[in-house]
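J.: If it helps, the file is called model17.txt and holds compact mmCIF, C-alpha atoms:
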# COMPACT_ATOMS: atom_id res chain seq x y z
CA MET A 2 -36.47 -10.43 -40.81
CA LEU A 3 -35.59 -9.98 -37.15
CA PHE A 4 -31.91 -10.45 -37.95
CA GLN A 5 -32.09 -7.78 -40.66
CA LYS A 6 -33.69 -5.37 -38.21
CA TYR A 7 -30.95 -6.17 -35.70
CA LEU A 8 -28.24 -5.44 -38.30
CA LEU A 9 -29.98 -2.18 -39.29
CA ALA A 10 -30.21 -1.10 -35.65
CA LYS A 11 -26.51 -1.93 -35.18
CA LYS A 12 -25.53 0.12 -38.23
CA GLN A 13 -27.58 3.08 -37.01
CA SER A 14 -26.02 2.78 -33.55
CA LEU A 15 -22.50 2.76 -35.00
CA LEU A 16 -23.34 5.70 -37.24
CA ARG A 17 -24.63 7.73 -34.27
CA LEU A 18 -21.47 6.90 -32.33
CA PHE A 19 -19.27 7.95 -35.26
CA LEU A 20 -21.14 11.23 -35.68
CA TYR A 21 -20.83 11.93 -31.94
CA THR A 22 -17.15 10.95 -31.65
CA GLY A 23 -14.91 13.87 -30.82
CA PRO A 24 -14.71 14.79 -27.10
CA ALA A 25 -13.00 11.60 -25.86
CA LEU A 26 -10.91 11.44 -29.04
CA MET A 27 -9.47 14.88 -28.33
CA VAL A 28 -8.73 14.30 -24.64
CA SER A 29 -7.23 10.88 -25.45
CA VAL A 30 -3.98 12.66 -26.27
CA ALA A 31 -3.45 12.91 -22.50
CA TYR A 32 -2.60 9.18 -22.71
CA MET A 33 0.01 9.60 -25.45
CA ASP A 34 1.42 13.10 -25.06
CA PRO A 35 5.16 13.93 -24.78
CA GLY A 36 4.95 13.50 -21.00
CA ASN A 37 3.91 9.87 -21.54
CA TYR A 38 6.77 9.41 -23.97
CA GLY A 39 9.25 10.53 -21.32
CA THR A 40 7.90 8.44 -18.43
CA ASP A 41 7.09 5.30 -20.46
CA ILE A 42 10.45 5.26 -22.22
CA ALA A 43 12.31 5.71 -18.92
CA GLY A 44 10.19 2.97 -17.31
CA GLY A 45 10.54 0.48 -20.15
CA ALA A 46 14.26 1.03 -20.64
CA SER A 47 15.27 0.83 -16.98
CA LEU A 48 12.65 -1.54 -15.57
CA ASN A 49 11.65 -3.65 -18.58
CA TYR A 50 7.92 -4.57 -18.49
CA SER A 51 7.65 -4.24 -14.67
CA LEU A 52 5.35 -1.22 -14.62
CA LEU A 53 2.89 -2.24 -17.34
CA LEU A 54 0.12 -2.73 -14.78
CA VAL A 55 0.70 0.86 -13.63
CA VAL A 56 0.09 2.05 -17.20
CA TRP A 57 -3.18 0.08 -17.41
CA LEU A 58 -4.36 1.31 -14.00
CA SER A 59 -3.50 4.96 -14.66
CA SER A 60 -5.33 4.74 -17.98
CA GLY A 61 -8.35 3.23 -16.20
CA MET A 62 -8.38 5.94 -13.53
CA ALA A 63 -8.15 8.64 -16.16
CA MET A 64 -11.00 7.01 -18.10
CA MET A 65 -13.30 7.14 -15.09
CA LEU A 66 -12.53 10.80 -14.37
CA GLN A 67 -12.88 11.78 -18.03
CA TYR A 68 -16.26 10.07 -18.13
CA LEU A 69 -17.39 12.15 -15.14
CA SER A 70 -16.14 15.36 -16.74
CA GLY A 71 -17.92 14.69 -20.01
CA LYS A 72 -21.09 13.72 -18.17
CA ILE A 73 -21.19 17.09 -16.41
CA GLY A 74 -21.29 18.89 -19.76
CA ILE A 75 -24.13 16.71 -21.01
CA ALA A 76 -26.18 16.83 -17.78
CA THR A 77 -25.91 20.57 -17.09
CA GLY A 78 -25.15 22.21 -20.43
CA GLN A 79 -22.22 23.86 -18.65
CA SER A 80 -18.51 23.19 -18.43
CA LEU A 81 -16.78 22.25 -15.18
CA PRO A 82 -15.13 25.72 -14.90
CA GLU A 83 -18.54 27.42 -15.28
CA ILE A 84 -20.10 25.34 -12.51
CA ILE A 85 -17.13 25.92 -10.22
CA ARG A 86 -17.49 29.68 -10.77
CA GLU A 87 -21.15 29.49 -9.74
CA LYS A 88 -20.28 27.51 -6.61
CA LEU A 89 -17.42 29.81 -5.54
CA LYS A 90 -19.63 32.90 -6.17
CA LYS A 91 -17.25 35.58 -4.87
CA LYS A 92 -14.34 37.00 -6.85
CA ILE A 93 -12.09 36.67 -3.81
CA PHE A 94 -12.33 32.88 -4.31
CA ILE A 95 -12.77 32.78 -8.08
CA ILE A 96 -9.69 34.82 -9.04
CA PRO A 97 -7.12 32.72 -7.10
CA TYR A 98 -8.73 29.54 -8.45
CA TRP A 99 -8.60 30.93 -11.98
CA LEU A 100 -4.92 31.90 -11.63
CA ALA A 101 -4.08 28.40 -10.35
CA ALA A 102 -6.03 26.81 -13.21
CA GLU A 103 -4.22 29.05 -15.68
CA ALA A 104 -0.89 27.93 -14.21
CA ALA A 105 -1.96 24.30 -14.76
CA SER A 106 -2.96 25.06 -18.36
CA ALA A 107 0.31 26.86 -19.01
CA ALA A 108 2.36 24.03 -17.50
CA THR A 109 0.45 21.51 -19.59
CA ASP A 110 0.92 23.48 -22.78
CA LEU A 111 4.61 23.92 -21.99
CA ALA A 112 5.10 20.15 -21.74
CA GLU A 113 3.25 19.49 -25.00
CA TYR A 114 4.98 22.34 -26.80
CA LEU A 115 8.36 20.93 -25.80
CA GLY A 116 7.41 17.66 -27.48
CA THR A 117 6.90 19.54 -30.74
CA VAL A 118 10.21 21.39 -30.30
CA ILE A 119 12.14 18.15 -29.70
CA ALA A 120 10.44 16.47 -32.68
CA LEU A 121 11.31 19.35 -35.02
CA ASN A 122 14.90 19.24 -33.81
CA LEU A 123 15.21 15.48 -34.38
CA LEU A 124 13.24 15.29 -37.63
CA PHE A 125 14.72 18.27 -39.49
CA GLY A 126 17.90 18.99 -37.53
CA ILE A 127 16.60 22.45 -36.61
CA PRO A 128 18.57 23.91 -33.67
CA MET A 129 16.51 23.91 -30.47
CA ILE A 130 16.40 27.69 -30.26
CA TYR A 131 14.84 27.99 -33.74
CA ALA A 132 12.58 24.98 -33.20
CA ALA A 133 11.24 26.78 -30.12
CA VAL A 134 10.04 29.63 -32.36
CA PHE A 135 8.73 27.46 -35.20
CA GLY A 136 6.97 25.19 -32.72
CA ALA A 137 4.83 28.07 -31.55
CA LEU A 138 3.16 28.31 -34.95
CA ASP A 139 1.82 24.74 -35.12
CA VAL A 140 -1.35 25.22 -33.09
CA ILE A 141 -2.10 28.68 -34.50
CA LEU A 142 -1.87 27.34 -38.06
CA ILE A 143 -4.11 24.32 -37.46
CA LEU A 144 -6.69 26.30 -35.49
CA ALA A 145 -6.73 28.91 -38.27
CA LEU A 146 -7.56 26.23 -40.81
CA THR A 147 -10.33 24.72 -38.67
CA THR A 148 -11.95 27.78 -37.08
CA ARG A 149 -15.18 27.75 -39.07
CA LYS A 150 -16.21 24.18 -38.25
CA PHE A 151 -15.17 22.43 -35.03
CA ARG A 152 -15.99 19.09 -36.67
CA VAL A 153 -13.08 19.66 -39.06
CA LEU A 154 -10.75 19.94 -36.07
CA GLU A 155 -12.12 16.66 -34.72
CA GLN A 156 -11.36 15.05 -38.08
CA VAL A 157 -7.82 16.43 -37.96
CA PHE A 158 -7.52 14.67 -34.61
CA ILE A 159 -8.59 11.38 -36.17
CA LEU A 160 -5.59 11.75 -38.50
CA LEU A 161 -3.12 12.74 -35.76
CA ILE A 162 -4.23 10.00 -33.35
CA SER A 163 -4.14 7.45 -36.19
CA VAL A 164 -0.55 8.43 -36.97
CA ILE A 165 0.46 7.85 -33.33
CA SER A 166 -1.49 4.58 -33.05
CA PHE A 167 -0.32 2.96 -36.28
CA GLY A 168 3.18 4.30 -35.69
CA TYR A 169 3.41 2.45 -32.39
CA LEU A 170 1.86 -0.66 -33.88
CA TYR A 171 4.81 -0.61 -36.28
CA GLU A 172 7.34 0.06 -33.50
CA VAL A 173 6.05 -2.86 -31.44
CA PHE A 174 6.17 -5.08 -34.54
CA VAL A 175 9.82 -4.28 -35.36
CA THR A 176 11.11 -4.46 -31.75
CA LYS A 177 9.49 -7.89 -31.17
CA PRO A 178 8.60 -7.73 -27.44
CA ASP A 179 8.16 -10.77 -25.19
CA PRO A 180 4.40 -11.68 -25.14
CA SER A 181 4.66 -13.75 -21.93
CA ALA A 182 6.36 -10.89 -20.05
CA ILE A 183 3.72 -8.45 -21.31
CA LEU A 184 0.93 -10.71 -20.10
CA TYR A 185 2.57 -11.37 -16.72
CA HIS A 186 3.36 -7.73 -15.90
CA SER A 187 -0.07 -6.58 -17.08
CA PHE A 188 -1.32 -8.24 -13.89
CA VAL A 189 1.75 -8.28 -11.61
CA PRO A 190 3.66 -5.01 -11.07
CA LEU A 191 7.20 -4.91 -9.68
CA ILE A 192 8.01 -1.68 -7.84
CA ALA A 193 11.36 -2.76 -6.45
CA ASN A 194 13.07 0.54 -5.62
CA SER A 195 12.68 4.31 -5.30
CA ASN A 196 13.38 4.83 -9.00
CA ALA A 197 10.49 2.52 -9.90
CA LEU A 198 8.23 4.39 -7.50
CA LEU A 199 9.22 7.73 -8.97
CA ILE A 200 8.52 6.51 -12.51
CA THR A 201 5.18 5.10 -11.30
CA VAL A 202 4.25 8.57 -10.08
CA GLY A 203 5.36 10.05 -13.39
CA ILE A 204 3.19 7.62 -15.37
CA ILE A 205 0.10 8.51 -13.33
CA GLY A 206 0.85 12.23 -13.48
CA ALA A 207 1.38 12.11 -17.24
CA THR A 208 -1.96 10.35 -17.82
CA VAL A 209 -4.38 12.05 -15.39
CA MET A 210 -4.03 15.73 -16.30
CA PRO A 211 -5.88 18.86 -15.07
CA HIS A 212 -6.46 20.41 -18.48
CA ALA A 213 -8.10 17.25 -19.86
CA LEU A 214 -10.54 17.15 -16.93
CA PHE A 215 -11.45 20.82 -17.42
CA VAL A 216 -11.87 20.71 -21.18
CA HIS A 217 -13.77 17.41 -21.62
CA SER A 218 -16.87 18.99 -20.05
CA TRP A 219 -16.47 21.95 -22.42
CA PHE A 220 -16.43 19.66 -25.46
CA THR A 221 -19.55 17.72 -24.37
CA LYS A 222 -21.34 20.93 -23.34
CA ASN A 223 -20.95 22.15 -26.92
CA LYS A 224 -22.26 18.81 -28.21
CA SER A 225 -25.38 18.97 -26.01
CA LYS A 226 -26.27 22.63 -26.61
CA ASP A 227 -30.04 23.22 -26.94
CA LYS A 228 -30.77 19.48 -26.57
CA SER A 229 -33.88 18.09 -24.82
CA ILE A 230 -33.64 15.73 -21.84
CA GLN A 231 -34.38 12.76 -24.13
CA GLU A 232 -31.58 13.78 -26.47
CA ARG A 233 -29.21 14.23 -23.51
CA ARG A 234 -29.98 10.67 -22.38
CA VAL A 235 -28.89 9.43 -25.80
CA LEU A 236 -25.79 11.64 -25.68
CA ARG A 237 -24.85 10.27 -22.25
CA LYS A 238 -24.93 6.71 -23.63
CA LEU A 239 -22.89 7.73 -26.67
CA HIS A 240 -20.45 9.52 -24.37
CA LEU A 241 -19.98 6.35 -22.32
CA ARG A 242 -19.38 4.23 -25.41
CA GLU A 243 -16.98 6.73 -26.94
CA ASN A 244 -15.11 7.01 -23.65
CA VAL A 245 -14.67 3.25 -23.37
CA VAL A 246 -13.71 2.59 -27.01
CA ILE A 247 -11.41 5.56 -27.59
CA LEU A 248 -9.72 5.63 -24.19
CA VAL A 249 -9.11 1.86 -24.16
CA LEU A 250 -7.33 2.27 -27.51
CA ALA A 251 -5.42 5.26 -26.12
CA GLY A 252 -4.43 3.18 -23.09
CA MET A 253 -3.08 0.53 -25.45
CA VAL A 254 -0.92 3.14 -27.19
CA ASN A 255 0.28 4.33 -23.77
CA ALA A 256 1.28 0.74 -22.95
CA ALA A 257 2.85 0.28 -26.40
CA ILE A 258 5.29 3.12 -25.73
CA MET A 259 6.58 1.29 -22.65
CA ILE A 260 6.53 -2.11 -24.39
CA MET A 261 8.61 -0.76 -27.28
CA ALA A 262 11.12 0.82 -24.88
CA ALA A 263 11.40 -2.40 -22.86
CA ALA A 264 11.94 -4.56 -25.95
CA ALA A 265 14.34 -2.16 -27.65
CA PHE A 266 16.46 -0.79 -24.81
CA ASN A 267 16.27 -2.78 -21.57
CA ALA A 268 18.80 -5.49 -22.43
CA HIS A 269 21.72 -3.24 -23.42
CA TYR A 270 20.64 0.41 -23.10
CA SER A 271 18.79 0.51 -19.79
CA ASN A 272 20.19 3.94 -18.93
CA ILE A 273 18.17 5.66 -21.67
CA ALA A 274 15.90 8.19 -20.02
CA SER A 275 15.26 10.81 -22.70
CA ILE A 276 13.26 11.01 -25.91
CA SER A 277 16.29 12.17 -27.89
CA ASP A 278 18.46 9.27 -26.71
CA ALA A 279 15.68 6.81 -27.55
CA TYR A 280 15.46 8.15 -31.11
CA LYS A 281 19.23 8.05 -31.64
CA THR A 282 19.45 4.49 -30.29
CA LEU A 283 16.52 3.12 -32.30
CA ILE A 284 18.15 3.86 -35.67
CA PRO A 285 21.25 1.65 -35.36
CA LEU A 286 19.23 -1.10 -33.66
CA PHE A 287 16.17 -1.30 -35.94
CA GLY A 288 16.91 0.93 -38.93
CA ALA A 289 16.10 4.44 -40.10
CA GLY A 290 12.43 3.53 -40.55
CA ALA A 291 11.94 2.86 -36.84
CA GLY A 292 13.59 6.17 -35.94
CA LEU A 293 11.55 8.10 -38.51
CA VAL A 294 8.25 6.59 -37.40
CA PHE A 295 9.14 7.32 -33.77
CA VAL A 296 9.82 11.01 -34.34
CA ILE A 297 6.74 11.46 -36.59
CA THR A 298 4.54 10.02 -33.84
CA LEU A 299 6.20 12.42 -31.39
CA LEU A 300 5.47 15.37 -33.67
CA SER A 301 1.82 14.29 -34.02
CA SER A 302 1.65 13.88 -30.24
CA GLY A 303 3.09 17.33 -29.59
CA ILE A 304 0.80 19.09 -32.06
CA SER A 305 -2.43 17.33 -31.01
CA SER A 306 -1.79 17.72 -27.29
CA SER A 307 -0.85 21.39 -27.75
CA ILE A 308 -4.16 22.05 -29.49
CA VAL A 309 -6.08 20.51 -26.59
CA GLY A 310 -3.97 22.47 -24.10
CA THR A 311 -4.75 25.72 -25.91
CA LEU A 312 -8.48 24.95 -26.04
CA ALA A 313 -8.40 24.02 -22.34
CA GLY A 314 -6.94 27.43 -21.54
CA GLN A 315 -9.77 29.06 -23.47
CA ALA A 316 -12.40 26.96 -21.64
CA VAL A 317 -10.89 27.78 -18.24
CA MET A 318 -10.79 31.53 -18.87
CA GLU A 319 -14.31 31.73 -20.31
CA GLY A 320 -15.78 29.46 -17.65
CA LEU A 321 -14.18 30.90 -14.52
CA LEU A 322 -14.31 34.57 -15.49
CA GLY A 323 -17.76 34.33 -17.09
CA MET A 324 -16.68 36.34 -20.08
CA LYS A 325 -16.14 35.72 -23.75
CA VAL A 326 -12.58 36.23 -24.91
CA ASN A 327 -11.27 36.78 -28.38
CA ILE A 328 -10.26 33.26 -29.33
CA TRP A 329 -7.31 34.41 -31.43
CA LEU A 330 -5.95 36.64 -28.68
CA ARG A 331 -6.30 33.80 -26.20
CA ARG A 332 -4.61 31.25 -28.44
CA ILE A 333 -1.73 33.51 -29.45
CA VAL A 334 -1.09 34.64 -25.87
CA THR A 335 -1.17 31.03 -24.60
CA ARG A 336 1.40 29.92 -27.15
CA PHE A 337 3.78 32.83 -26.69
CA ILE A 338 3.61 32.65 -22.89
CA ASN A 339 5.45 29.35 -23.31
CA VAL A 340 7.77 30.46 -26.11
CA LEU A 341 9.36 33.17 -23.97
CA PRO A 342 10.42 31.13 -20.90
CA THR A 343 11.37 28.13 -23.05
CA THR A 344 13.54 30.25 -25.34
CA ILE A 345 15.23 31.91 -22.37
CA ALA A 346 15.82 28.52 -20.72
CA LEU A 347 17.36 27.12 -23.92
CA LEU A 348 19.61 30.17 -24.28
CA LEU A 349 20.77 29.64 -20.69
CA GLY A 350 21.65 26.04 -21.53
CA PHE A 351 18.83 24.18 -19.75
CA GLU A 352 17.95 20.76 -21.15
CA PRO A 353 14.37 20.53 -22.53
CA LEU A 354 13.67 17.48 -20.37
CA SER A 355 14.61 19.44 -17.24
CA ILE A 356 12.01 22.04 -18.19
CA LEU A 357 9.55 19.22 -18.80
CA ALA A 358 10.23 17.78 -15.34
CA TYR A 359 9.50 21.11 -13.65
CA SER A 360 6.23 21.43 -15.56
CA GLN A 361 5.17 17.96 -14.34
CA VAL A 362 5.71 19.03 -10.71
CA ILE A 363 3.42 22.03 -11.30
CA LEU A 364 0.80 19.71 -12.80
CA SER A 365 1.04 17.44 -9.74
CA LEU A 366 0.31 20.41 -7.51
CA MET A 367 -2.66 21.46 -9.65
CA ILE A 368 -4.42 18.13 -10.26
CA PRO A 369 -6.75 18.50 -7.22
CA LEU A 370 -8.21 21.70 -8.73
CA PRO A 371 -10.50 19.92 -11.22
CA MET A 372 -10.41 16.41 -9.73
CA ILE A 373 -11.96 17.01 -6.30
CA PRO A 374 -14.78 19.33 -7.52
CA LEU A 375 -15.46 16.84 -10.33
CA VAL A 376 -16.24 14.00 -7.93
CA LEU A 377 -18.21 16.22 -5.53
CA LEU A 378 -20.33 17.80 -8.26
CA THR A 379 -21.17 14.59 -10.12
CA ARG A 380 -22.53 13.03 -6.91
CA ASN A 381 -24.72 16.11 -6.28
CA LYS A 382 -28.30 15.47 -7.48
CA GLU A 383 -29.12 19.19 -7.47
CA VAL A 384 -26.39 19.73 -10.07
CA MET A 385 -26.69 16.53 -12.10
CA GLY A 386 -30.39 15.68 -11.86
CA GLU A 387 -31.10 12.20 -13.21
CA PHE A 388 -27.48 11.93 -14.40
CA VAL A 389 -26.13 11.91 -10.84
CA ASN A 390 -23.49 9.27 -10.07
CA ARG A 391 -24.49 5.90 -8.71
CA ASN A 392 -23.01 5.13 -5.30
CA ILE A 393 -20.56 2.61 -6.74
CA THR A 394 -19.33 5.19 -9.28
CA THR A 395 -18.71 7.70 -6.50
CA ILE A 396 -16.90 5.15 -4.34
CA ILE A 397 -14.60 4.05 -7.18
CA SER A 398 -13.93 7.69 -8.08
CA ILE A 399 -12.99 8.55 -4.49
CA VAL A 400 -10.60 5.59 -4.32
CA PHE A 401 -8.97 6.69 -7.59
CA VAL A 402 -8.65 10.28 -6.37
CA GLY A 403 -7.03 9.06 -3.15
CA ILE A 404 -4.48 6.97 -5.09
CA ILE A 405 -3.63 9.82 -7.46
CA LEU A 406 -3.25 12.35 -4.65
CA ALA A 407 -1.03 9.98 -2.66
CA PHE A 408 1.32 9.38 -5.58
CA ASN A 409 1.42 13.05 -6.58
CA SER A 410 2.19 14.02 -2.98
CA TYR A 411 5.14 11.64 -3.12
CA LEU A 412 6.37 13.28 -6.35
CA ILE A 413 6.13 16.74 -4.83
CA ALA A 414 7.92 15.68 -1.63
CA THR A 415 10.69 13.98 -3.64
CA SER A 416 11.11 17.02 -5.90
CA ILE A 417 11.42 19.35 -2.90
CA GLN A 418 14.13 17.12 -1.39
CA LEU A 419 16.04 17.17 -4.67
Would you mind writing the structure in this file as structure tokens?
T.:
Amino acid sequence: MLFQKYLLAKKQSLLRLFLYTGPALMVSVAYMDPGNYGTDIAGGASLNYSLLLVVWLSSGMAMMLQYLSGKIGIATGQSLPEIIREKLKKKIFIIPYWLAAEAASAATDLAEYLGTVIALNLLFGIPMIYAAVFGALDVILILALTTRKFRVLEQVFILLISVISFGYLYEVFVTKPDPSAILYHSFVPLIANSNALLITVGIIGATVMPHALFVHSWFTKNKSKDKSIQERRVLRKLHLRENVVILVLAGMVNAAIMIMAAAAFNAHYSNIASISDAYKTLIPLFGAGAGLVFVITLLSSGISSSIVGTLAGQAVMEGLLGMKVNIWLRRIVTRFINVLPTTIALLLGFEPLSILAYSQVILSLMIPLPMIPLVLLTRNKEVMGEFVNRNITTIISIVFVGIILAFNSYLIATSIQL
């Protein structure tokens, strides 16, 4: 009898978690977006499995910060941008912060959008210049189909994330990586030269992203709307479980990208540093199926991460300006802001990955915008009430922030020198 009650309670718990699942699922694309493809492939191809521990650590740091962001939405019923607006108070401070946050959102969306453009080019042979135009329609089309019910959009994400996850399970299976090397470098990193250090910075920067920190609180705020304190306590527990389960799986996909690149390319093609080169090299090595699966996962990655980037831009504008905006105007403007410079850059002969690199430098500059307020606010009892951070949570968060800022500072300094 007791065992039956235990099983019933477990089933109810799993059902509640499934019904809640959405916020962490949507931000999990920060672990497997086109920026991760670029850095993980470069790291695996040139350095074998050496930086696997960096992937695990960056995923862990992002998990902690995403947990804090989601907790703010549940505890306060407000998004991080809304609370920051209240704290800054005066427009003389709010407007510059908003413009900087918009730059971060635009840079993020540009990187994700480029992933879609590259995938369309590789999958259908569409010239880059036309793919740049067609790629702008992906997010608008999906958001149009899911406007009435946000839950439908979350279910679309289950499909897109599943495509990426199972796709990389297949890629790892066909490339047959070295299990002992994976295990060893999951605990022992090898940062032997400046190139390894630069890729390390890229891995961290591609995983801990400003837009994901802003928007996670917006997702959980919408989940906790009009909820009592008792219901918020339950939501906080569900948020923690979802964060752990979903983001651990996302971290595994992040690692799988590097593992695949190490197994496939390191021995004879260690100079591969681009997504396009990786695709073209996979086909003769492992067959058309491996190449097709690779580019389909890239397309799913570009579309899903672009949707989150567009929603993040909406959350930032509404939160920091304290005004409702027409969601269609916002979404269309966000997409076409990136189409114009990208199209011009392609016409001038710039490589897409060069554009991607510049966007990552902008993101490195902007990461303190949500990250520092996030830690300060979640340790503030006046803001968080009973959901305030424990001391150990704050200490770990501060250590993570210090590590991220140090590595991003290195990236910025290196980029300026170049």
J.: Just give me the gap between atom CA of A:Asn390 and atom CA of A:Tyr68 in Å, one decimal is fine.
T.: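 Interatomic distance here is 10.9 Å.
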J.: Determine, counting all atoms listed in the file, which protein, DNA and RNA residues have an atom within 12 Å of an atom of A:Ile159; residues of the same chain fewer than 5 positions away are not included. Present the result as a ChimeraX atom specification.
T.: /A:19,22-30,152-154,164-167,247,301,305
J.: Got time to write the residues from that selection, C-alpha atoms, as a PDB file, in the frame of the given file?
T.:
ATOM      1  CA  PHE A  19     -19.270   7.950 -35.260  1.00  0.00           C
ATOM      2  CA  THR A  22     -17.150  10.950 -31.650  1.00  0.00           C
ATOM      3  CA  GLY A  23     -14.910  13.870 -30.820  1.00  0.00           C
ATOM      4  CA  PRO A  24     -14.710  14.790 -27.100  1.00  0.00           C
ATOM      5  CA  ALA A  25     -13.000  11.600 -25.860  1.00  0.00           C
ATOM      6  CA  LEU A  26     -10.910  11.440 -29.040  1.00  0.00           C
ATOM      7  CA  MET A  27      -9.470  14.880 -28.330  1.00  0.00           C
ATOM      8  CA  VAL A  28      -8.730  14.300 -24.640  1.00  0.00           C
ATOM      9  CA  SER A  29      -7.230  10.880 -25.450  1.00  0.00           C
ATOM     10  CA  VAL A  30      -3.980  12.660 -26.270  1.00  0.00           C
ATOM     11  CA  ARG A 152     -15.990  19.090 -36.670  1.00  0.00           C
ATOM     12  CA  VAL A 153     -13.080  19.660 -39.060  1.00  0.00           C
ATOM     13  CA  LEU A 154     -10.750  19.940 -36.070  1.00  0.00           C
ATOM     14  CA  VAL A 164      -0.550   8.430 -36.970  1.00  0.00           C
ATOM     15  CA  ILE A 165       0.460   7.850 -33.330  1.00  0.00           C
ATOM     16  CA  SER A 166      -1.490   4.580 -33.050  1.00  0.00           C
ATOM     17  CA  PHE A 167      -0.320   2.960 -36.280  1.00  0.00           C
ATOM     18  CA  ILE A 247     -11.410   5.560 -27.590  1.00  0.00           C
ATOM     19  CA  SER A 301       1.820  14.290 -34.020  1.00  0.00           C
ATOM     20  CA  SER A 305      -2.430  17.330 -31.010  1.00  0.00           C
TER      21      SER A 305
END
J.: Kindly indicate which residue among A:Ala213, A:Ala76, A:Ile95, A:Val202 lies nearest to A:Asn381, using all atoms listed in the file for the distances.
T.: A:Ala76
J.: Point out the residue among A:Tyr21, A:Leu299, A:Thr201, A:Lys90 with the least atom-to-atom distance to A:Leu121, counting only C-alpha atoms.
T.: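 Among the listed residues, A:Leu299 lies closest to A:Leu121.
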J.: My list of candidates is A:Val235, A:Leu286, A:Val402, A:Ile130. Which is closest to A:Ile75 when distances are computed with all atoms listed in the file?
T.: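 Result for the nearest residue to A:Ile75: A:Val235.
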J.: Which residues of stretch 233-341 of chain A come within 9 Å of stretch 47-53 of chain A, and what is each one's closest atom pair and distance in Å (one decimal), counting only C-alpha atoms, sorted by chain and residue number, as JSON lines?
T.:
{"residue": "A:Ala256", "atom": "CA", "partner": "A:Leu53", "partner_atom": "CA", "distance": 6.6}
{"residue": "A:Met259", "atom": "CA", "partner": "A:Tyr50", "partner_atom": "CA", "distance": 7.3}
{"residue": "A:Ile260", "atom": "CA", "partner": "A:Tyr50", "partner_atom": "CA", "distance": 6.5}
{"residue": "A:Ala262", "atom": "CA", "partner": "A:Asn49", "partner_atom": "CA", "distance": 7.7}
{"residue": "A:Ala263", "atom": "CA", "partner": "A:Asn49", "partner_atom": "CA", "distance": 4.5}
{"residue": "A:Ala264", "atom": "CA", "partner": "A:Asn49", "partner_atom": "CA", "distance": 7.4}
{"residue": "A:Phe266", "atom": "CA", "partner": "A:Ser47", "partner_atom": "CA", "distance": 8.1}
{"residue": "A:Asn267", "atom": "CA", "partner": "A:Asn49", "partner_atom": "CA", "distance": 5.6}
{"residue": "A:Ala268", "atom": "CA", "partner": "A:Asn49", "partner_atom": "CA", "distance": 8.3}
{"residue": "A:Tyr270", "atom": "CA", "partner": "A:Ser47", "partner_atom": "CA", "distance": 8.2}
{"residue": "A:Ser271", "atom": "CA", "partner": "A:Ser47", "partner_atom": "CA", "distance": 4.5}
{"residue": "A:Asn272", "atom": "CA", "partner": "A:Ser47", "partner_atom": "CA", "distance": 6.1}
{"residue": "A:Ile273", "atom": "CA", "partner": "A:Ser47", "partner_atom": "CA", "distance": 7.3}
{"residue": "A:Ala274", "atom": "CA", "partner": "A:Ser47", "partner_atom": "CA", "distance": 8.0}
J.: Using only C-alpha atoms, what residues lie at most 10 Å away from (1.3, 7.5, -3.8) (file coordinates), given as an MDAnalysis selection string?
T.: chainID A and resid 198:199 201:202 205 403:412
J.: In terms of the shortest atom-to-atom distance over all atoms listed in the file, which of A:Val56, A:Ile399, A:Leu241, A:Ala251 is closest to A:Ser70?
T.: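 Checking each candidate against A:Ser70, we get A:Leu241 as the closest.
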J.: Of the residues A:Phe401, A:Phe135, A:Tyr280, A:Phe94, which is the one nearest to A:Thr298, using all atoms listed in the file?
T.: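 Closest to A:Thr298 of all the choices is A:Tyr280.
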J.: Residues within 7 Å of A:Ile276, please, as a list in words. Count all atoms listed in the file; anything in the same chain fewer than 2 positions from it doesn't count.
T.: Tyr38, Gly39, Asp278, Ala279 and Tyr280 of chain A
J.: Taking into account only C-alpha atoms, which residue in the set A:Leu283, A:Leu330, A:Leu124, A:Met65 is nearest to A:Thr394?
T.: A:Met65
J.: For A:Leu66, please output as a short mmCIF file (atom, residue, chain, number, x, y, z; two decimals) with C-alpha atoms, in the frame of the given file all residues within 9 Å (counting only C-alpha atoms; exclusion window: fewer than 2 positions along the same chain).
T.:
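Wrote result.cif, looks like this:
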data_model
loop_
_atom_site.label_atom_id
_atom_site.label_comp_id
_atom_site.auth_asym_id
_atom_site.auth_seq_id
_atom_site.Cartn_x
_atom_site.Cartn_y
_atom_site.Cartn_z
CA GLY A 61 -8.35 3.23 -16.20
CA MET A 62 -8.38 5.94 -13.53
CA ALA A 63 -8.15 8.64 -16.16
CA MET A 64 -11.00 7.01 -18.10
CA TYR A 68 -16.26 10.07 -18.13
CA LEU A 69 -17.39 12.15 -15.14
CA SER A 70 -16.14 15.36 -16.74
CA GLY A 71 -17.92 14.69 -20.01
CA VAL A 209 -4.38 12.05 -15.39
CA LEU A 214 -10.54 17.15 -16.93
CA MET A 372 -10.41 16.41 -9.73
CA LEU A 375 -15.46 16.84 -10.33
CA VAL A 376 -16.24 14.00 -7.93
CA SER A 398 -13.93 7.69 -8.08
CA PHE A 401 -8.97 6.69 -7.59
CA VAL A 402 -8.65 10.28 -6.37
#
J.: What lies within 10 Å of A:Met367 using all atoms listed in the file, ignoring chain neighbours under 6 positions off, as an MDAnalysis selection string?
T.: chainID A and resid 101:106 108 210:212 361 409
J.: Could you turn the residues from that selection into a file that holds C-alpha atoms, as a compact mmCIF listing (two decimals), in the coordinates of the input?
T.:
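Contents of the output file again-v6.txt:
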# COMPACT_ATOMS: atom_id res chain seq x y z
CA ALA A 101 -4.08 28.40 -10.35
CA ALA A 102 -6.03 26.81 -13.21
CA GLU A 103 -4.22 29.05 -15.68
CA ALA A 104 -0.89 27.93 -14.21
CA ALA A 105 -1.96 24.30 -14.76
CA SER A 106 -2.96 25.06 -18.36
CA ALA A 108 2.36 24.03 -17.50
CA MET A 210 -4.03 15.73 -16.30
CA PRO A 211 -5.88 18.86 -15.07
CA HIS A 212 -6.46 20.41 -18.48
CA GLN A 361 5.17 17.96 -14.34
CA ASN A 409 1.42 13.05 -6.58
